[in-house]
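Asker: Next comes data-v4.txt, compact mmCIF, C-alpha atoms and all ligand atoms:
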```
# COMPACT_ATOMS: atom_id res chain seq x y z
CA MET N 1 17.39 -9.06 -4.52
CA LYS N 2 18.19 -5.59 -3.28
CA THR N 3 16.00 -4.24 -0.48
CA PHE N 4 15.57 -0.53 0.18
CA TYR N 5 14.81 0.51 3.74
CA SER N 6 14.93 3.64 5.91
CA PRO N 7 14.63 3.86 9.72
CA ALA N 8 12.47 6.99 9.23
CA HIS N 9 9.42 4.70 9.41
CA LEU N 10 10.08 4.28 13.16
CA GLU N 11 8.94 7.89 13.63
CA HIS N 12 5.37 6.90 12.71
CA ASP N 13 4.32 4.92 15.77
CA PRO N 14 0.55 5.01 16.35
CA GLN N 15 -0.73 3.65 19.65
CA VAL N 16 -4.43 3.25 18.90
CA GLN N 17 -6.82 3.05 15.97
CA PHE N 18 -10.56 3.48 15.70
CA GLU N 19 -12.11 0.18 14.63
CA GLY N 20 -15.44 -1.56 15.15
CA GLY N 21 -16.75 1.28 17.31
CA GLN N 22 -13.83 1.41 19.72
CA LEU N 23 -10.25 2.50 20.12
CA LEU N 24 -8.06 -0.57 19.80
CA PRO N 25 -4.28 -1.04 19.88
CA ALA N 26 -2.85 0.07 16.51
CA VAL N 27 -1.69 -2.69 14.17
CA GLU N 28 0.16 -0.63 11.54
CA ILE N 29 3.21 -0.15 13.76
CA PRO N 30 7.02 -0.16 13.38
CA VAL N 31 7.53 -3.80 14.43
CA ARG N 32 6.04 -4.84 11.06
CA ALA N 33 8.89 -3.54 8.94
CA GLU N 34 11.51 -4.39 11.56
CA ARG N 35 10.49 -8.08 11.54
CA VAL N 36 10.69 -8.21 7.75
CA LYS N 37 14.10 -6.51 7.78
CA ALA N 38 15.40 -8.99 10.39
CA GLU N 39 14.27 -11.97 8.30
CA ILE N 40 15.88 -10.53 5.14
CA GLN N 41 19.16 -10.33 7.05
CA LYS N 42 18.75 -13.79 8.57
CA ARG N 43 18.03 -15.54 5.27
CA ARG N 44 20.49 -13.38 3.33
CA ILE N 45 18.39 -12.81 0.24
CA GLY N 46 20.46 -9.75 -0.68
CA PRO N 47 21.80 -6.40 0.51
CA ILE N 48 19.76 -3.74 2.31
CA ALA N 49 20.39 -0.24 0.99
CA ALA N 50 19.41 3.24 2.15
CA PRO N 51 17.19 5.20 -0.25
CA THR N 52 18.32 8.27 -2.13
CA ARG N 53 16.37 11.50 -1.78
CA PHE N 54 13.93 12.39 -4.55
CA ASP N 55 12.32 15.81 -4.82
CA ASP N 56 8.54 16.34 -4.67
CA LYS N 57 7.96 16.16 -8.43
CA PRO N 58 7.20 12.40 -8.57
CA ILE N 59 4.76 12.81 -5.66
CA LEU N 60 2.98 15.74 -7.30
CA ALA N 61 2.72 13.75 -10.54
CA VAL N 62 0.29 11.48 -8.67
CA HIS N 63 -1.08 13.45 -5.72
CA ASP N 64 -3.07 16.66 -5.39
CA SER N 65 -0.80 19.45 -4.11
CA GLY N 66 -3.42 20.39 -1.49
CA LEU N 67 -3.27 16.91 0.07
CA VAL N 68 0.53 16.91 0.10
CA GLU N 69 0.68 20.34 1.69
CA PHE N 70 -1.99 19.39 4.25
CA LEU N 71 -0.23 16.17 5.31
CA GLY N 72 2.91 18.24 5.95
CA ILE N 73 1.19 20.66 8.36
CA ALA N 74 -1.81 18.71 9.72
CA PHE N 75 -0.26 17.69 13.02
CA ASP N 76 0.97 21.22 13.78
CA GLU N 77 -2.53 22.54 13.10
CA TRP N 78 -4.00 19.81 15.31
CA ILE N 79 -1.88 20.62 18.35
CA LYS N 80 -2.57 24.34 17.87
CA ARG N 81 -6.25 23.41 18.34
CA TYR N 82 -6.01 20.63 20.91
CA GLY N 83 -2.75 21.29 22.73
CA ARG N 84 0.72 19.81 22.82
CA ASN N 85 -0.44 16.61 24.54
CA ALA N 86 -2.92 15.67 21.82
CA PRO N 87 -1.46 12.42 20.52
CA ALA N 88 -2.86 12.12 17.01
CA ALA N 89 -5.04 13.95 14.51
CA ILE N 90 -8.03 11.75 13.66
CA PRO N 91 -11.01 12.97 11.60
CA SER N 92 -14.50 12.69 13.02
CA ALA N 93 -16.68 14.54 10.47
CA TRP N 94 -16.92 14.17 6.69
CA PRO N 95 -18.44 16.34 3.92
CA ALA N 96 -20.77 13.59 2.67
CA HIS N 97 -23.80 14.22 0.43
CA GLY N 98 -24.70 17.85 0.22
CA LEU N 99 -22.31 19.21 2.84
CA ARG N 100 -19.71 21.71 1.66
CA ASP N 101 -16.20 20.58 0.96
CA GLY N 102 -13.95 21.76 3.79
CA ARG N 103 -10.52 21.87 2.20
CA LYS N 104 -10.17 25.54 3.01
CA GLY N 105 -11.82 25.17 6.41
CA ASP N 106 -10.51 24.64 9.92
CA ILE N 107 -8.41 21.64 10.91
CA GLU N 108 -11.45 19.38 11.51
CA ALA N 109 -13.00 20.31 8.13
CA ARG N 110 -9.72 19.78 6.33
CA LEU N 111 -9.10 16.42 8.02
CA GLY N 112 -12.57 15.19 7.12
CA SER N 113 -12.21 16.46 3.56
CA TYR N 114 -8.84 14.82 2.91
CA ALA N 115 -9.45 11.50 4.75
CA PHE N 116 -11.90 8.76 3.83
CA SER N 117 -11.67 6.81 7.10
CA ALA N 118 -10.92 7.30 10.80
CA ASP N 119 -8.30 4.57 11.03
CA THR N 120 -5.33 6.65 9.85
CA PRO N 121 -3.90 8.95 12.55
CA ILE N 122 -1.51 11.78 11.76
CA MET N 123 1.13 12.12 14.44
CA LYS N 124 4.36 14.03 14.96
CA GLY N 125 6.51 11.69 12.86
CA THR N 126 3.88 10.65 10.31
CA TRP N 127 4.82 13.04 7.53
CA ALA N 128 8.57 12.33 7.82
CA ALA N 129 7.90 8.58 7.61
CA ALA N 130 5.41 8.81 4.73
CA ARG N 131 7.68 11.15 2.76
CA GLU N 132 10.68 8.85 3.24
CA ALA N 133 8.64 5.79 2.19
CA VAL N 134 8.31 7.48 -1.21
CA ASN N 135 12.11 7.76 -1.41
CA VAL N 136 12.32 4.04 -0.59
CA ALA N 137 9.84 3.11 -3.34
CA LEU N 138 11.47 5.39 -5.92
CA SER N 139 14.98 4.15 -5.09
CA ALA N 140 13.80 0.57 -5.65
CA ALA N 141 12.12 1.63 -8.90
CA ALA N 142 15.36 3.26 -10.03
CA ALA N 143 17.28 0.03 -9.26
CA VAL N 144 14.91 -1.94 -11.49
CA ARG N 145 15.12 0.76 -14.14
CA GLU N 146 18.89 0.38 -14.05
CA GLY N 147 18.71 -3.34 -14.69
CA GLU N 148 18.08 -5.18 -11.39
CA LYS N 149 15.87 -8.23 -11.99
CA CYS N 150 13.94 -7.39 -8.83
CA ALA N 151 13.97 -5.01 -5.88
CA PHE N 152 12.01 -4.76 -2.66
CA ALA N 153 10.81 -1.45 -1.23
CA LEU N 154 10.31 -2.11 2.49
CA THR N 155 7.95 0.82 2.83
CA ARG N 156 6.04 1.90 5.90
CA PRO N 157 3.47 3.41 6.22
CA PRO N 158 1.83 1.53 3.34
CA GLY N 159 0.28 3.35 0.38
CA HIS N 160 -2.26 1.48 -1.73
CA HIS N 161 -5.40 2.95 -0.09
CA ALA N 162 -4.31 6.57 -0.70
CA SER N 163 -5.76 8.13 -3.83
CA SER N 164 -4.70 11.34 -5.54
CA ASP N 165 -6.39 13.63 -3.01
CA VAL N 166 -7.58 11.42 -0.14
CA PHE N 167 -5.70 9.44 2.51
CA GLY N 168 -6.96 6.56 4.69
CA GLY N 169 -6.59 2.84 5.40
CA PHE N 170 -3.23 3.44 7.22
CA CYS N 171 -1.97 5.05 3.95
CA TYR N 172 -0.92 8.67 3.28
CA LEU N 173 1.04 8.72 0.01
CA ASN N 174 0.61 5.98 -2.57
CA ASN N 175 4.14 4.57 -2.80
CA VAL N 176 3.43 2.01 -5.53
CA ALA N 177 1.48 4.49 -7.70
CA ILE N 178 4.24 7.10 -7.40
CA ALA N 179 6.82 4.48 -8.44
CA ALA N 180 4.64 3.33 -11.37
CA GLN N 181 4.12 6.90 -12.58
CA TRP N 182 7.87 7.56 -12.32
CA LEU N 183 8.54 4.45 -14.42
CA VAL N 184 6.04 5.70 -17.04
CA GLU N 185 8.02 8.93 -17.17
CA GLN N 186 11.19 6.88 -17.75
CA GLY N 187 9.51 5.45 -20.87
CA LEU N 188 8.36 2.13 -19.39
CA LYS N 189 4.97 0.40 -19.46
CA PRO N 190 4.18 -0.85 -15.95
CA ALA N 191 1.55 -3.22 -14.61
CA ILE N 192 0.61 -3.23 -10.92
CA LEU N 193 -0.50 -6.45 -9.25
CA ASP N 194 -1.94 -5.89 -5.78
CA VAL N 195 -2.03 -9.04 -3.61
CA ASP N 196 -2.92 -7.34 -0.31
CA TYR N 197 -6.02 -8.78 1.39
CA HIS N 198 -7.70 -5.40 0.94
CA HIS N 199 -8.54 -3.86 -2.42
CA GLY N 200 -6.05 -1.21 -3.55
CA ASN N 201 -8.71 1.45 -3.97
CA GLY N 202 -6.23 4.33 -4.05
CA THR N 203 -4.08 2.82 -6.78
CA GLN N 204 -7.15 1.86 -8.81
CA THR N 205 -8.55 5.39 -8.62
CA ILE N 206 -5.27 7.02 -9.65
CA PHE N 207 -4.99 5.00 -12.87
CA TYR N 208 -8.68 4.27 -13.55
CA LYS N 209 -8.99 6.43 -16.66
CA ARG N 210 -5.59 5.58 -18.09
CA ALA N 211 -4.37 2.86 -20.43
CA ASP N 212 -0.63 3.30 -19.73
CA VAL N 213 -0.69 1.55 -16.33
CA PHE N 214 -2.53 -1.75 -15.87
CA PHE N 215 -3.95 -2.40 -12.41
CA CYS N 216 -5.05 -5.79 -11.12
CA SER N 217 -6.07 -6.55 -7.55
CA ILE N 218 -6.83 -9.87 -5.81
CA HIS N 219 -8.60 -9.16 -2.54
CA ALA N 220 -11.43 -9.86 -0.12
CA ASP N 221 -14.79 -8.98 -1.63
CA PRO N 222 -15.70 -5.41 -0.59
CA SER N 223 -19.25 -6.63 0.09
CA PHE N 224 -17.84 -7.76 3.46
CA ALA N 225 -14.35 -6.25 3.66
CA TYR N 226 -12.56 -2.91 3.82
CA PRO N 227 -12.42 -0.58 1.83
CA HIS N 228 -16.16 -1.33 1.35
CA PHE N 229 -16.84 1.22 -1.43
CA LEU N 230 -14.52 -0.02 -4.20
CA GLY N 231 -13.04 -3.27 -5.45
CA PHE N 232 -16.01 -4.91 -7.13
CA ALA N 233 -15.58 -7.09 -10.22
CA ASP N 234 -17.51 -4.76 -12.51
CA GLU N 235 -14.95 -1.94 -12.12
CA ARG N 236 -13.03 -2.35 -15.39
CA GLY N 237 -11.62 1.13 -15.99
CA GLU N 238 -13.12 4.13 -17.75
CA GLY N 239 -12.57 6.02 -21.00
CA PRO N 240 -9.06 5.30 -22.31
CA GLY N 241 -8.57 3.10 -19.21
CA GLU N 242 -11.45 0.77 -20.11
CA GLY N 243 -10.13 -2.78 -19.74
CA ALA N 244 -6.92 -1.71 -17.92
CA ASN N 245 -8.40 -2.43 -14.47
CA LEU N 246 -9.12 -5.94 -13.23
CA ASN N 247 -10.59 -6.74 -9.81
CA LEU N 248 -10.69 -10.33 -8.57
CA PRO N 249 -12.67 -10.26 -5.31
CA LEU N 250 -12.67 -13.48 -3.29
CA PRO N 251 -14.91 -14.82 -0.52
CA GLU N 252 -14.29 -15.09 3.20
CA GLY N 253 -12.18 -18.14 4.05
CA THR N 254 -10.30 -18.24 0.73
CA ASP N 255 -7.50 -20.81 0.90
CA TRP N 256 -4.62 -21.51 -1.47
CA PRO N 257 -6.42 -23.56 -4.18
CA ARG N 258 -9.02 -20.83 -4.61
CA TYR N 259 -6.43 -18.07 -4.30
CA GLU N 260 -4.16 -19.73 -6.85
CA GLU N 261 -6.94 -19.73 -9.46
CA ALA N 262 -7.25 -15.95 -9.08
CA LEU N 263 -3.48 -15.49 -9.07
CA VAL N 264 -3.10 -17.45 -12.31
CA ARG N 265 -5.86 -15.34 -13.84
CA ALA N 266 -4.13 -12.17 -12.69
CA VAL N 267 -0.75 -13.30 -14.02
CA ASP N 268 -2.34 -14.16 -17.39
CA ALA N 269 -4.03 -10.74 -17.53
CA VAL N 270 -0.76 -8.95 -16.73
CA LYS N 271 1.01 -10.97 -19.45
CA ALA N 272 -1.74 -10.11 -21.95
CA TYR N 273 -1.22 -6.40 -21.22
CA GLY N 274 2.42 -6.75 -22.26
CA PRO N 275 4.18 -4.59 -19.65
CA ASP N 276 7.95 -3.93 -19.33
CA VAL N 277 7.88 -4.19 -15.55
CA VAL N 278 5.54 -5.43 -12.82
CA LEU N 279 5.03 -3.68 -9.50
CA VAL N 280 3.66 -5.95 -6.79
CA SER N 281 1.76 -4.35 -3.91
CA LEU N 282 2.91 -6.94 -1.41
CA GLY N 283 0.36 -7.14 1.36
CA LEU N 284 0.64 -10.20 3.61
CA ASP N 285 -2.69 -9.95 5.43
CA THR N 286 -3.98 -12.88 3.34
CA TYR N 287 -2.27 -15.08 5.98
CA ILE N 288 -4.46 -17.46 7.99
CA GLU N 289 -3.37 -15.96 11.35
CA ASP N 290 -3.74 -12.32 10.34
CA PRO N 291 -5.72 -10.58 13.11
CA ILE N 292 -7.75 -8.25 10.85
CA ALA N 293 -8.42 -10.46 7.81
CA LEU N 294 -10.33 -13.60 6.84
CA PHE N 295 -8.30 -15.53 4.24
CA ARG N 296 -6.51 -18.78 4.97
CA LEU N 297 -3.14 -18.79 3.19
CA LYS N 298 -0.34 -20.67 4.97
CA ALA N 299 3.37 -19.82 5.12
CA ALA N 300 4.33 -22.29 2.36
CA ASP N 301 1.72 -20.74 0.06
CA TYR N 302 3.84 -17.57 -0.12
CA LEU N 303 6.64 -19.63 -1.72
CA ARG N 304 4.06 -20.73 -4.30
CA MET N 305 2.99 -17.11 -4.77
CA GLY N 306 6.59 -16.01 -5.43
CA ALA N 307 7.14 -18.84 -7.93
CA CYS N 308 3.88 -18.01 -9.70
CA LEU N 309 4.88 -14.32 -9.99
CA ALA N 310 8.25 -15.37 -11.39
CA GLY N 311 6.28 -16.95 -14.25
CA LEU N 312 5.64 -13.41 -15.50
CA HIS N 313 9.30 -13.29 -16.63
CA LEU N 314 9.37 -9.56 -15.94
CA PRO N 315 11.58 -7.28 -13.87
CA ALA N 316 9.72 -6.79 -10.60
CA LEU N 317 9.42 -4.13 -7.96
CA PHE N 318 7.87 -5.41 -4.73
CA VAL N 319 6.37 -2.71 -2.50
CA PHE N 320 5.41 -3.58 1.07
CA GLU N 321 1.76 -2.89 1.96
CA GLY N 322 -0.37 -4.53 4.74
CA GLY N 323 0.04 -7.63 6.92
CA TYR N 324 -0.42 -7.66 10.68
CA CYS N 325 0.59 -11.05 12.05
CA PHE N 326 3.87 -9.68 13.39
CA ASP N 327 5.38 -13.08 14.23
CA ALA N 328 4.94 -14.39 10.67
CA LEU N 329 5.45 -11.27 8.53
CA GLY N 330 9.17 -11.75 8.00
CA GLU N 331 8.80 -15.35 6.93
CA LEU N 332 5.89 -14.59 4.59
CA ALA N 333 7.62 -11.67 2.86
CA VAL N 334 10.91 -13.46 2.42
CA ASN N 335 9.12 -16.61 1.18
CA VAL N 336 7.64 -14.58 -1.70
CA LEU N 337 10.89 -12.75 -2.49
CA GLU N 338 13.14 -15.80 -2.21
CA ALA N 339 10.87 -17.97 -4.38
CA PHE N 340 10.61 -15.19 -6.96
CA GLN N 341 14.35 -14.73 -7.04
CA GLY N 342 15.12 -18.45 -7.13
CA ALA N 343 12.60 -19.43 -9.77
ZN ZN A 1 -4.42 -4.91 3.72
```
Can you give me the file's structure in the form of structure tokens?
Ligand SMILES: [Zn+2]
Answerer:
Amino acid sequence: MKTFYSPAHLEHDPQVQFEGGQLLPAVEIPVRAERVKAEIQKRRIGPIAAPTRFDDKPILAVHDSGLVEFLGIAFDEWIKRYGRNAPAAIPSAWPAHGLRDGRKGDIEARLGSYAFSADTPIMKGTWAAAREAVNVALSAAAAVREGEKCAFALTRPPGHHASSDVFGGFCYLNNVAIAAQWLVEQGLKPAILDVDYHHGNGTQTIFYKRADVFFCSIHADPSFAYPHFLGFADERGEGPGEGANLNLPLPEGTDWPRYEEALVRAVDAVKAYGPDVVLVSLGLDTYIEDPIALFRLKAADYLRMGACLAGLHLPALFVFEGGYCFDALGELAVNVLEAFQGA
């Protein structure tokens, strides 16, 4: 299993995040990817390679050019308004219900118009890290395209909450969606299976009206969990995409037996779609000790998850998403990858 990784992610290092009515220590921080990288080296599941540079075309095939341009300049605009010592651009007003869209407005209007939540700060190194994460995902996609049985994109920041024209949920550019779209353009038929604790609302939205990319997500029911507004079971796709979207929301406290039922259902649905390649949005916040989530999977369950995914008998591209129990992240990720590779 070849892993793609870039140290550019270290440049995105948030200190705090707005959560539950207060500023708390940030959880989407560099140690996450560093722990996974260390475990990959320790357990020797394969080489770690630097990504190659892709131009903006694959990004613009998925994302609105206004969002991409804004992400590139947002922090500069922010410090022009709030001074050099302002640590991070965070939106605090949104154009909800009847208010005018602010995408041509001042920095506050633009932030509120391009973000759907206040948990996703833009800092000095954010754009460089997010842009390089796309190179990581596309390099891994290219490896699979060239015949690798599986590859792992150790991306950070994550991507699955970012839709075509809105960022949020610690995500700026949707790495897995950009990779899937690129694979479509290479003539392949991809399916995306999102196993992050949180629903992949961004990925769902990007492909919702399309039949050429299947999207399935197993996640905490949005009736009690982030991202709150999407991820319900009745969202099945629209127009040509009708039937190409499958949400499997699960209750608080879900443990392996219950999770496995959903995973088997997801695997069967992916098989029925008949893809050439599967992209796995590999979030690890389903772990029992995760500080921001309420499922109860244990470390050994991630070996079972990897073996179950191997039952797809498809080339696979794993893309790192969430997961915040820093001490366990490496073990959980490598358990999935090793079991997939060994099955
Ligand atoms: Zn998550």
Asker: Using all atoms listed in the file for the distances, tell me which of N:Tyr208, N:Val184, N:Asn247, N:Thr254 is nearest to Val278 of chain N.
Answerer: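 Nearest candidate to Val278 of chain N out of N:Tyr208, N:Val184, N:Asn247, N:Thr254: N:Val184.
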Asker: When distances are computed from only C-alpha atoms and all ligand atoms, which of N:Ser217, N:Asn245, N:Asn335, N:Gln22 shows the smallest separation from ligand ZN 1 (chain A)?
Answerer: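 Smallest distance to ligand ZN 1 (chain A) is found for N:Ser217.
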Asker: How would you write, as a ChimeraX atom specification, the set of residues no farther than 7 Å from ligand ZN 1 (chain A) when counting all atoms listed in the file?
Answerer: /N:196-198,283,285,321-323
Asker: Here's a test: counting all atoms listed in the file, identify every protein, DNA and RNA residue with an atom at most 6 Å from (-10.5, 1.5, -7.5) in the file's coordinate frame, and state them as an MDAnalysis selection string.
Answerer: chainID N and resid 201 204:205 230:231
Asker: Write out as an MDAnalysis selection string each polymer residue whose atoms come within 10 Å of Val27 of chain N, counting all atoms listed in the file; drop sequence neighbours fewer than 5 positions from it.
Answerer: chainID N and resid 13:17 32 170 291:292 322:326
Asker: Would you output that residue set with C-alpha atoms, as a PDB file, in the frame of the given file?
Answerer:
```
ATOM      1  CA  ASP N  13       4.320   4.920  15.770  1.00  0.00           C
ATOM      2  CA  PRO N  14       0.550   5.010  16.350  1.00  0.00           C
ATOM      3  CA  GLN N  15      -0.730   3.650  19.650  1.00  0.00           C
ATOM      4  CA  VAL N  16      -4.430   3.250  18.900  1.00  0.00           C
ATOM      5  CA  GLN N  17      -6.820   3.050  15.970  1.00  0.00           C
ATOM      6  CA  ARG N  32       6.040  -4.840  11.060  1.00  0.00           C
ATOM      7  CA  PHE N 170      -3.230   3.440   7.220  1.00  0.00           C
ATOM      8  CA  PRO N 291      -5.720 -10.580  13.110  1.00  0.00           C
ATOM      9  CA  ILE N 292      -7.750  -8.250  10.850  1.00  0.00           C
ATOM     10  CA  GLY N 322      -0.370  -4.530   4.740  1.00  0.00           C
ATOM     11  CA  GLY N 323       0.040  -7.630   6.920  1.00  0.00           C
ATOM     12  CA  TYR N 324      -0.420  -7.660  10.680  1.00  0.00           C
ATOM     13  CA  CYS N 325       0.590 -11.050  12.050  1.00  0.00           C
ATOM     14  CA  PHE N 326       3.870  -9.680  13.390  1.00  0.00           C
TER      15      PHE N 326
END
```
Asker: Taking all atoms listed in the file into account, which of N:Ile218, N:Ile40, N:Leu294, N:Ala153 comes nearest Phe320 of chain N?
Answerer: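 Comparing N:Ile218, N:Ile40, N:Leu294, N:Ala153 against Phe320 of chain N, the winner is N:Ala153.
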Asker: Looking at N:Val134, N:Arg103, N:Ala115, N:Ile48, which one is nearest to Val62 of chain N, with distances taken over all atoms listed in the file?
Answerer: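 Closest to Val62 of chain N, using all atoms listed in the file: N:Val134.
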Asker: So, with only C-alpha atoms as the atoms that count, which of N:Pro257, N:Gly187, N:Gly66, N:Gly274 lies closest to Phe167 of chain N?
Answerer: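 Selected residue with least distance to Phe167 of chain N: N:Gly66.
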